[in-house]
$ cat coords07.tsv   # TSV, C-alpha atoms
chain	number	residue	atom	x	y	z
V	1	MET	CA	124.37	138.36	141.13
V	2	GLN	CA	124.02	139.09	144.77
V	3	ILE	CA	126.13	137.29	147.30
V	4	ARG	CA	124.38	136.60	150.50
V	5	PRO	CA	126.13	138.03	153.58
V	6	THR	CA	126.56	134.58	155.07
V	7	THR	CA	128.27	133.26	151.93
V	8	ALA	CA	130.50	136.33	151.71
V	9	SER	CA	131.46	136.02	155.36
V	10	LEU	CA	132.25	132.36	154.89
V	11	ALA	CA	134.40	133.13	151.82
V	12	ILE	CA	136.32	135.82	153.70
V	13	LEU	CA	136.81	133.51	156.66
V	14	LEU	CA	138.06	130.72	154.39
V	15	ALA	CA	140.39	133.11	152.57
V	16	LEU	CA	141.82	134.24	155.89
V	17	ILE	CA	142.32	130.66	157.02
V	18	LEU	CA	143.86	129.49	153.75
V	19	ALA	CA	146.00	132.56	153.07
V	20	PRO	CA	149.70	132.11	153.80
V	21	THR	CA	150.64	133.41	157.20
V	22	PRO	CA	152.74	136.56	157.00
V	23	ALA	CA	156.41	135.82	157.55
V	24	HIS	CA	157.15	136.21	161.19
V	25	ALA	CA	160.89	136.67	160.88
V	26	GLN	CA	162.87	135.99	164.00
V	27	SER	CA	166.62	136.49	163.75
V	28	LEU	CA	169.36	135.69	166.19
V	29	GLY	CA	173.12	136.14	165.94
V	30	TYR	CA	176.00	134.40	167.65
V	31	ILE	CA	179.73	135.18	167.54
V	32	PHE	CA	182.52	132.76	168.37
V	33	ASN	CA	186.25	133.52	168.36
V	34	LEU	CA	188.41	130.45	168.01
V	35	PRO	CA	192.13	130.83	168.62
V	36	ILE	CA	194.46	128.75	166.46
V	37	SER	CA	197.95	127.85	167.58
V	38	LYS	CA	199.51	124.81	166.05
V	39	VAL	CA	202.86	123.62	164.74
V	40	VAL	CA	202.47	122.07	161.30
V	41	PRO	CA	205.07	120.68	158.91
V	42	ASN	CA	205.94	123.15	156.20
V	43	PRO	CA	204.74	121.30	153.09
V	44	CYS	CA	207.07	123.44	150.95
V	45	GLY	CA	210.23	122.54	152.87
V	46	SER	CA	211.72	120.44	155.59
V	47	THR	CA	210.95	122.81	158.46
V	48	PHE	CA	207.87	123.48	160.55
V	49	VAL	CA	205.55	126.44	160.83
V	50	LEU	CA	203.81	127.70	163.94
V	51	VAL	CA	200.41	128.95	162.84
V	52	ASN	CA	199.00	131.55	165.21
V	53	GLY	CA	195.72	133.13	164.38
V	54	THR	CA	192.03	133.58	165.03
V	55	LEU	CA	189.01	132.16	163.33
V	56	ASN	CA	186.01	134.38	163.88
V	57	VAL	CA	182.74	132.53	163.34
V	58	SER	CA	179.42	134.34	163.13
V	59	VAL	CA	176.29	132.23	163.10
V	60	GLY	CA	172.97	133.83	162.23
V	61	THR	CA	169.63	132.07	162.40
V	62	ALA	CA	166.29	133.28	161.10
V	63	VAL	CA	162.80	131.88	160.79
V	64	GLY	CA	160.88	133.26	157.85
V	65	SER	CA	158.44	132.32	155.15
V	66	ASP	CA	160.98	129.94	153.56
V	67	GLY	CA	161.59	128.13	156.82
V	68	PHE	CA	164.67	128.12	158.99
V	69	THR	CA	167.87	129.69	157.65
V	70	VAL	CA	171.34	129.44	159.14
V	71	THR	CA	174.09	131.73	157.87
V	72	ILE	CA	177.72	131.14	158.77
V	73	GLY	CA	180.35	133.79	158.22
V	74	LEU	CA	184.05	133.06	158.67
V	75	ALA	CA	186.86	135.58	159.02
V	76	THR	CA	190.43	134.57	159.63
V	77	SER	CA	193.68	136.33	160.31
V	78	GLY	CA	197.04	135.23	161.58
V	79	LYS	CA	200.67	134.55	160.88
V	80	GLY	CA	203.05	131.65	160.42
V	81	GLN	CA	206.54	131.51	161.90
V	82	ASP	CA	209.35	129.14	160.94
V	83	VAL	CA	209.97	126.85	163.90
V	84	LEU	CA	211.43	123.51	164.88
V	85	ALA	CA	209.11	120.59	165.50
V	86	ASP	CA	208.87	121.51	169.19
V	87	GLY	CA	207.81	125.07	168.38
V	88	THR	CA	211.20	126.73	168.97
V	89	LEU	CA	211.65	129.70	166.65
V	90	THR	CA	214.28	129.35	163.95
V	91	VAL	CA	216.03	131.96	161.86
V	92	LEU	CA	215.76	131.09	158.20
V	93	GLY	CA	216.23	134.63	157.04
V	94	LYS	CA	212.73	134.69	155.64
V	95	PRO	CA	210.00	136.97	156.99
V	96	ASP	CA	206.97	135.46	158.69
V	97	TYR	CA	203.96	134.32	156.75
V	98	SER	CA	200.68	136.16	157.15
V	99	TYR	CA	197.16	135.35	156.13
V	100	SER	CA	193.63	136.71	156.25
V	101	GLY	CA	190.41	135.82	154.53
V	102	SER	CA	186.69	135.41	154.71
V	103	ALA	CA	184.03	132.99	153.54
V	104	SER	CA	180.34	132.41	154.02
V	105	LEU	CA	177.67	129.76	153.70
V	106	ASP	CA	173.94	129.64	154.25
V	107	ALA	CA	171.38	126.87	154.30
V	108	THR	CA	167.62	127.00	154.44
V	109	TYR	CA	165.49	124.19	155.87
V	110	ASP	CA	161.74	123.87	155.41
V	111	ALA	CA	161.47	123.70	159.21
V	112	THR	CA	163.87	124.09	162.11
V	113	PRO	CA	165.90	120.88	162.29
V	114	SER	CA	166.10	119.32	165.73
V	115	THR	CA	169.75	118.58	165.03
V	116	ALA	CA	171.97	119.86	162.25
V	117	THR	CA	175.73	119.63	161.87
V	118	ILE	CA	177.46	121.63	159.18
V	119	THR	CA	181.06	120.84	158.29
V	120	LEU	CA	182.78	123.39	156.12
V	121	PRO	CA	186.32	124.26	155.11
V	122	MET	CA	187.99	127.63	155.46
V	123	ARG	CA	190.81	128.03	152.97
V	124	ASP	CA	193.62	130.46	153.74
V	125	TYR	CA	196.89	131.11	151.99
V	126	LEU	CA	199.99	131.80	154.04
V	127	VAL	CA	202.13	134.20	152.07
V	128	ARG	CA	205.41	135.83	152.92
V	129	PRO	CA	205.66	139.60	152.32
V	130	ASN	CA	206.45	140.85	148.84
V	131	TRP	CA	204.87	137.80	147.28
V	132	ASP	CA	207.76	135.46	147.77
V	133	ARG	CA	205.99	132.72	145.84
V	134	SER	CA	208.53	130.00	146.51
V	135	ASP	CA	206.70	128.57	149.50
V	136	ILE	CA	203.06	129.68	149.68
V	137	ILE	CA	201.09	127.38	151.99
V	138	ALA	CA	197.42	126.58	151.54
V	139	LEU	CA	195.89	126.13	154.99
V	140	THR	CA	192.52	124.42	155.28
V	141	THR	CA	190.73	124.73	158.61
V	142	THR	CA	187.79	122.36	158.84
V	143	LEU	CA	185.04	123.69	161.05
V	144	GLN	CA	182.03	121.92	162.48
V	145	VAL	CA	178.98	123.90	163.55
V	146	THR	CA	176.20	122.04	165.38
V	147	LEU	CA	172.72	123.40	165.97
V	148	THR	CA	170.19	121.89	168.34
V	149	ASN	CA	166.64	123.07	167.75
V	150	GLY	CA	168.10	126.01	165.86
V	151	VAL	CA	170.56	127.07	168.56
V	152	PRO	CA	174.27	126.73	167.75
V	153	THR	CA	176.79	125.31	170.16
V	154	ALA	CA	180.42	126.47	170.12
V	155	PRO	CA	181.94	125.50	166.74
V	156	GLN	CA	184.74	122.97	166.71
V	157	ILE	CA	187.88	122.95	164.57
V	158	THR	CA	188.14	119.32	163.52
V	159	ALA	CA	191.18	119.48	161.24
V	160	LEU	CA	194.00	121.74	160.13
V	161	ALA	CA	195.62	120.67	156.87
V	162	VAL	CA	198.45	122.24	154.89
V	163	ARG	CA	199.52	121.90	151.29
V	164	CYS	CA	202.28	123.54	149.27
V	165	GLN	CA	200.95	125.78	146.53
A	1	MET	CA	124.54	49.81	144.20
A	2	HIS	CA	127.35	51.02	146.30
A	3	ASN	CA	129.26	51.88	143.21
A	4	ASP	CA	126.24	53.62	141.65
A	5	ALA	CA	125.68	55.71	144.79
A	6	ALA	CA	129.35	56.59	144.95
A	7	ASP	CA	129.41	57.51	141.28
A	8	ALA	CA	126.29	59.62	141.73
A	9	ALA	CA	127.80	61.37	144.71
A	10	GLN	CA	131.01	61.89	142.81
A	11	ARG	CA	129.11	63.25	139.83
A	12	LYS	CA	127.13	65.50	142.16
A	13	GLY	CA	130.37	66.60	143.73
A	14	HIS	CA	131.91	67.33	140.36
A	15	ALA	CA	128.77	69.15	139.38
A	16	MET	CA	129.18	71.34	142.51
A	17	ASP	CA	132.92	71.86	141.87
A	18	GLY	CA	132.40	74.05	138.78
A	19	PRO	CA	130.57	77.05	140.33
A	20	ARG	CA	132.45	76.71	143.63
A	21	ALA	CA	135.79	76.74	141.88
A	22	ARG	CA	134.76	79.73	139.82
A	23	THR	CA	133.62	81.56	142.95
A	24	LEU	CA	136.84	80.73	144.74
A	25	ALA	CA	138.82	81.82	141.69
A	26	ARG	CA	136.90	85.12	141.59
A	27	ILE	CA	137.56	85.71	145.30
A	28	ALA	CA	141.22	84.89	144.85
A	29	ALA	CA	141.52	87.14	141.80
A	30	THR	CA	139.79	89.98	143.63
A	31	GLY	CA	142.11	89.48	146.59
A	32	VAL	CA	145.18	89.56	144.36
A	33	PHE	CA	143.84	92.64	142.57
A	34	VAL	CA	143.20	94.44	145.87
A	35	ILE	CA	146.66	93.54	147.19
A	36	VAL	CA	148.35	94.67	143.97
A	37	ALA	CA	146.28	97.84	143.86
A	38	LEU	CA	147.06	98.67	147.48
A	39	GLY	CA	150.74	97.96	146.95
A	40	LEU	CA	150.86	100.08	143.79
A	41	SER	CA	149.01	102.88	145.50
A	42	ALA	CA	151.41	102.84	148.44
A	43	HIS	CA	154.35	102.76	146.04
A	44	LEU	CA	153.01	105.73	144.08
A	45	ARG	CA	152.25	107.63	147.28
A	46	ALA	CA	155.78	106.94	148.48
A	47	GLN	CA	157.15	108.20	145.18
A	48	VAL	CA	155.13	111.39	145.36
A	49	SER	CA	155.50	112.32	149.03
A	50	THR	CA	158.85	110.82	150.03
A	51	PRO	CA	162.10	111.88	148.42
A	52	ALA	CA	164.37	109.18	147.08
A	53	PRO	CA	166.40	107.68	149.95
A	54	PHE	CA	169.73	108.25	148.24
A	55	ILE	CA	170.74	110.57	145.43
A	56	GLU	CA	174.14	110.82	143.80
A	57	LYS	CA	174.80	113.46	141.18
A	58	ASP	CA	177.82	114.54	139.15
A	59	GLN	CA	177.94	117.90	137.47
A	60	SER	CA	180.58	119.75	135.53
A	61	MET	CA	180.28	123.39	134.62
A	62	PRO	CA	182.54	125.93	132.98
A	63	CYS	CA	183.89	128.82	134.96
A	64	CYS	CA	184.54	131.80	135.20
A	65	GLY	CA	185.07	134.17	132.23
A	66	PRO	CA	186.84	137.53	132.46
A	67	GLN	CA	187.80	138.60	135.98
A	68	MET	CA	189.72	141.66	137.08
A	69	ASN	CA	193.10	140.88	138.58
A	70	PRO	CA	193.14	143.23	141.60
A	71	CYS	CA	196.95	143.17	141.71
A	72	SER	CA	197.67	144.18	138.13
A	73	GLY	CA	194.40	145.83	137.16
A	74	GLU	CA	194.30	143.68	134.05
A	75	SER	CA	191.29	141.68	132.99
A	76	VAL	CA	192.12	137.97	133.01
A	77	ASN	CA	190.09	135.52	130.99
A	78	ILE	CA	189.53	132.46	133.18
A	79	ASN	CA	188.98	129.20	131.38
A	80	GLY	CA	188.21	126.64	134.04
A	81	LYS	CA	185.72	124.08	135.20
A	82	GLU	CA	183.96	123.12	138.38
A	83	ASP	CA	183.37	119.41	138.92
A	84	LEU	CA	180.81	118.74	141.62
A	85	HIS	CA	179.90	115.42	143.17
A	86	VAL	CA	176.84	115.54	145.43
A	87	GLN	CA	175.64	112.73	147.69
A	88	ILE	CA	172.28	113.08	149.43
A	89	ARG	CA	170.72	110.70	151.90
A	90	ASN	CA	167.28	111.27	153.41
A	91	SER	CA	166.03	110.01	156.79
A	92	PRO	CA	168.27	110.88	158.51
A	93	GLY	CA	169.57	113.72	156.40
A	94	ALA	CA	173.04	113.93	154.95
A	95	PHE	CA	174.14	116.21	152.14
A	96	LYS	CA	177.75	116.08	150.97
A	97	LEU	CA	179.24	118.18	148.21
A	98	LEU	CA	182.71	117.54	146.85
A	99	ASN	CA	184.12	120.20	144.59
A	100	HIS	CA	187.15	119.93	142.36
A	101	GLU	CA	188.10	123.01	140.42
A	102	SER	CA	190.85	123.66	137.94
A	103	GLY	CA	191.64	126.07	135.17
A	104	THR	CA	193.92	128.60	133.57
A	105	GLY	CA	193.82	132.33	133.06
A	106	THR	CA	195.21	134.59	130.38
A	107	GLY	CA	195.70	138.33	130.76
A	108	ILE	CA	193.70	139.97	127.99
A	109	GLN	CA	196.34	142.64	127.27
A	110	THR	CA	199.67	141.17	128.35
A	111	GLY	CA	198.97	137.47	127.87
A	112	ALA	CA	200.13	136.78	131.46
A	113	GLN	CA	199.38	133.17	132.37
A	114	TYR	CA	197.76	131.87	135.56
A	115	GLN	CA	196.58	128.50	136.76
A	116	TYR	CA	194.63	127.02	139.66
A	117	GLU	CA	193.64	123.62	140.96
A	118	ASP	CA	191.88	122.87	144.23
A	119	SER	CA	189.29	120.73	145.94
A	120	SER	CA	186.97	121.15	148.93
A	121	ASP	CA	183.98	119.55	150.54
A	122	VAL	CA	180.99	120.69	152.56
A	123	GLN	CA	178.65	118.47	154.56
A	124	PHE	CA	175.27	118.87	156.19
A	125	GLN	CA	174.00	116.23	158.58
A	126	GLY	CA	170.93	116.10	160.76
A	127	ASP	CA	167.36	114.94	161.00
A	128	ARG	CA	166.60	116.72	157.71
A	129	ASN	CA	168.45	118.17	154.74
A	130	PRO	CA	168.45	121.80	153.67
A	131	SER	CA	165.96	122.68	150.96
A	132	TYR	CA	168.66	124.89	149.47
A	133	SER	CA	172.04	126.35	150.30
A	134	HIS	CA	174.61	128.88	149.12
A	135	LEU	CA	178.26	127.84	149.25
A	136	MET	CA	181.53	129.55	148.41
A	137	PHE	CA	184.93	128.23	147.41
A	138	LYS	CA	188.16	130.19	147.16
A	139	LYS	CA	190.96	129.50	144.71
A	140	HIS	CA	194.45	130.82	144.24
A	141	LEU	CA	195.39	131.91	140.74
A	142	ILE	CA	199.10	131.32	140.50
A	143	ARG	CA	201.10	133.27	137.97
A	144	THR	CA	203.07	130.91	135.78
A	145	GLY	CA	206.04	131.61	133.57
A	146	THR	CA	207.99	134.81	133.90
A	147	PRO	CA	206.63	136.64	136.94
A	148	GLY	CA	207.23	140.12	135.60
A	149	THR	CA	207.76	143.10	137.80
A	150	LEU	CA	204.52	142.77	139.77
A	151	PRO	CA	203.74	139.94	142.12
A	152	ASP	CA	200.26	139.48	140.73
A	153	ASP	CA	198.87	136.16	141.96
A	154	PHE	CA	195.30	136.71	143.07
A	155	PHE	CA	192.38	134.97	144.77
A	156	MET	CA	188.97	134.28	143.32
A	157	ASN	CA	185.74	133.20	145.03
A	158	VAL	CA	183.09	131.16	143.26
A	159	LYS	CA	179.62	131.04	144.78
A	160	PHE	CA	177.15	128.20	144.23
A	161	PHE	CA	173.47	127.65	144.80
A	162	CYS	CA	172.45	124.02	145.44
A	163	ASN	CA	168.92	122.70	145.83
A	164	ALA	CA	167.57	119.70	147.73
A	165	GLN	CA	167.99	117.45	144.69
A	166	GLY	CA	171.70	118.24	144.51
A	167	LEU	CA	171.45	120.46	141.45
A	168	CYS	CA	173.96	123.29	141.73
A	169	SER	CA	174.66	126.40	139.70
A	170	ILE	CA	177.24	129.16	139.87
A	171	THR	CA	175.65	132.36	141.17
A	172	GLY	CA	178.65	134.64	141.30
A	173	VAL	CA	182.39	135.06	140.92
A	174	SER	CA	184.47	137.70	142.68
A	175	THR	CA	188.09	138.42	143.43
A	176	ASP	CA	189.65	139.33	146.79
A	177	PRO	CA	191.54	142.58	147.24
A	178	CYS	CA	195.22	142.25	146.34
A	179	GLN	CA	197.25	140.90	149.27
$ encode --input "coords07.tsv" --output "structure tokens"
Amino acid sequence: MQIRPTTASLAILLALILAPTPAHAQSLGYIFNLPISKVVPNPCGSTFVLVNGTLNVSVGTAVGSDGFTVTIGLATSGKGQDVLADGTLTVLGKPDYSYSGSASLDATYDATPSTATITLPMRDYLVRPNWDRSDIIALTTTLQVTLTNGVPTAPQITALAVRCQ
Amino acid sequence: MHNDAADAAQRKGHAMDGPRARTLARIAATGVFVIVALGLSAHLRAQVSTPAPFIEKDQSMPCCGPQMNPCSGESVNINGKEDLHVQIRNSPGAFKLLNHESGTGTGIQTGAQYQYEDSSDVQFQGDRNPSYSHLMFKKHLIRTGTPGTLPDDFFMNVKFFCNAQGLCSITGVSTDPCQ
């Protein structure tokens, strides 16, 4: 069976039109450093703790064959000091708390959303040296990341909650 | 005469009523059929092309099997569960996942006991929902009973994959370096 040139050309043209477009990946990265400094009640006692730290937020966006993907990476580090309610340091005889951690999340949309707000928690554990386990504090930092047409604005910390472990 | 003419006219009228009524009935039936067919077609199209406006899904899955305790070097058998509650709204988009996790761990060699219990939530809002996402939750495995010589609490991360219908599965479990 002989295919006429015109038919073959038409078939090739149709195949080219109908074939999926090669992924034209376009990636962008954004870094935000959010300082944290807040006096919170110590949920494991009757004192207060001054939490001083940094929340490093990396936001990556990419457009590929699956659509639009946003990747959020969180890295935290900091310390907690025993204080009075007004932030004045106290001497309890216990060493300061410290914490560090990381977490990540990604989401893929079939197309770039005109607006998207992602609210996610970052869980840290404030631990005194040598694993004094009498008063470990679970610290949850709630973060809100908003993207407009795929471009993130500066993330916002919307809540800081503590719980005794 | 008047009565005869009126009767005749009435009879004639009645004689005309039969076919006219049938025609009207056919037109009405066709109209009803067309309306029902159009409505059904629109409903089916809506079902096929438009996702349900609101989805709510509860899932419970076991987690997490043997995991290496980075502080003691011992393998700990984790017997826990992940309870997920997903709420999805379309147009505008909103995807909310609530996770409650709890469980115990037993050191395979020493029988050391651990426990954890935590909850978290993640939300997506916007003009559309993600078609899929990867999420991660951290938990603190607290040593219970006699602590022993090593402070060997440890932290474990559970990773999930969730699709647009709110179906989630565990894709990985890892432990953080000993703190």
$ closest_residue --input "coords07.tsv" --among "V:Ile157, V:Leu89, V:Ile136, V:Leu120" --to "chain A" --atoms "only C-alpha atoms"
V:Leu120
$ closest_residue --input "coords07.tsv" --among "V:Thr90, V:Thr117, V:Ser134, V:Gln156" --to "Pro130 (chain A)" --atoms "only C-alpha atoms"
V:Thr117
$ interface_residues --input "coords07.tsv" --of "chain V" --to "chain A" --cutoff "7 Å" --atoms "all atoms listed in the file" --output "compact mmCIF listing (two decimals) with C-alpha atoms, in the coordinates of the input"
# COMPACT_ATOMS: atom_id res chain seq x y z
CA ALA V 103 184.03 132.99 153.54
CA SER V 104 180.34 132.41 154.02
CA LEU V 105 177.67 129.76 153.70
CA ASP V 106 173.94 129.64 154.25
CA ALA V 107 171.38 126.87 154.30
CA THR V 108 167.62 127.00 154.44
CA TYR V 109 165.49 124.19 155.87
CA ASP V 110 161.74 123.87 155.41
CA PRO V 113 165.90 120.88 162.29
CA SER V 114 166.10 119.32 165.73
CA THR V 115 169.75 118.58 165.03
CA ALA V 116 171.97 119.86 162.25
CA THR V 117 175.73 119.63 161.87
CA ILE V 118 177.46 121.63 159.18
CA THR V 119 181.06 120.84 158.29
CA LEU V 120 182.78 123.39 156.12
CA PRO V 121 186.32 124.26 155.11
CA ARG V 123 190.81 128.03 152.97
CA TRP V 131 204.87 137.80 147.28
$ closest_residue --input "coords07.tsv" --among "A:Cys71, A:Leu167, A:Val158, A:Leu98" --to "Leu84 (chain A)" --atoms "only C-alpha atoms"
A:Leu98
$ atom_distance --input "coords07.tsv" --atom1 "CA of Leu143 (chain V)" --atom2 "CA of Gly78 (chain V)"
16.7 Å
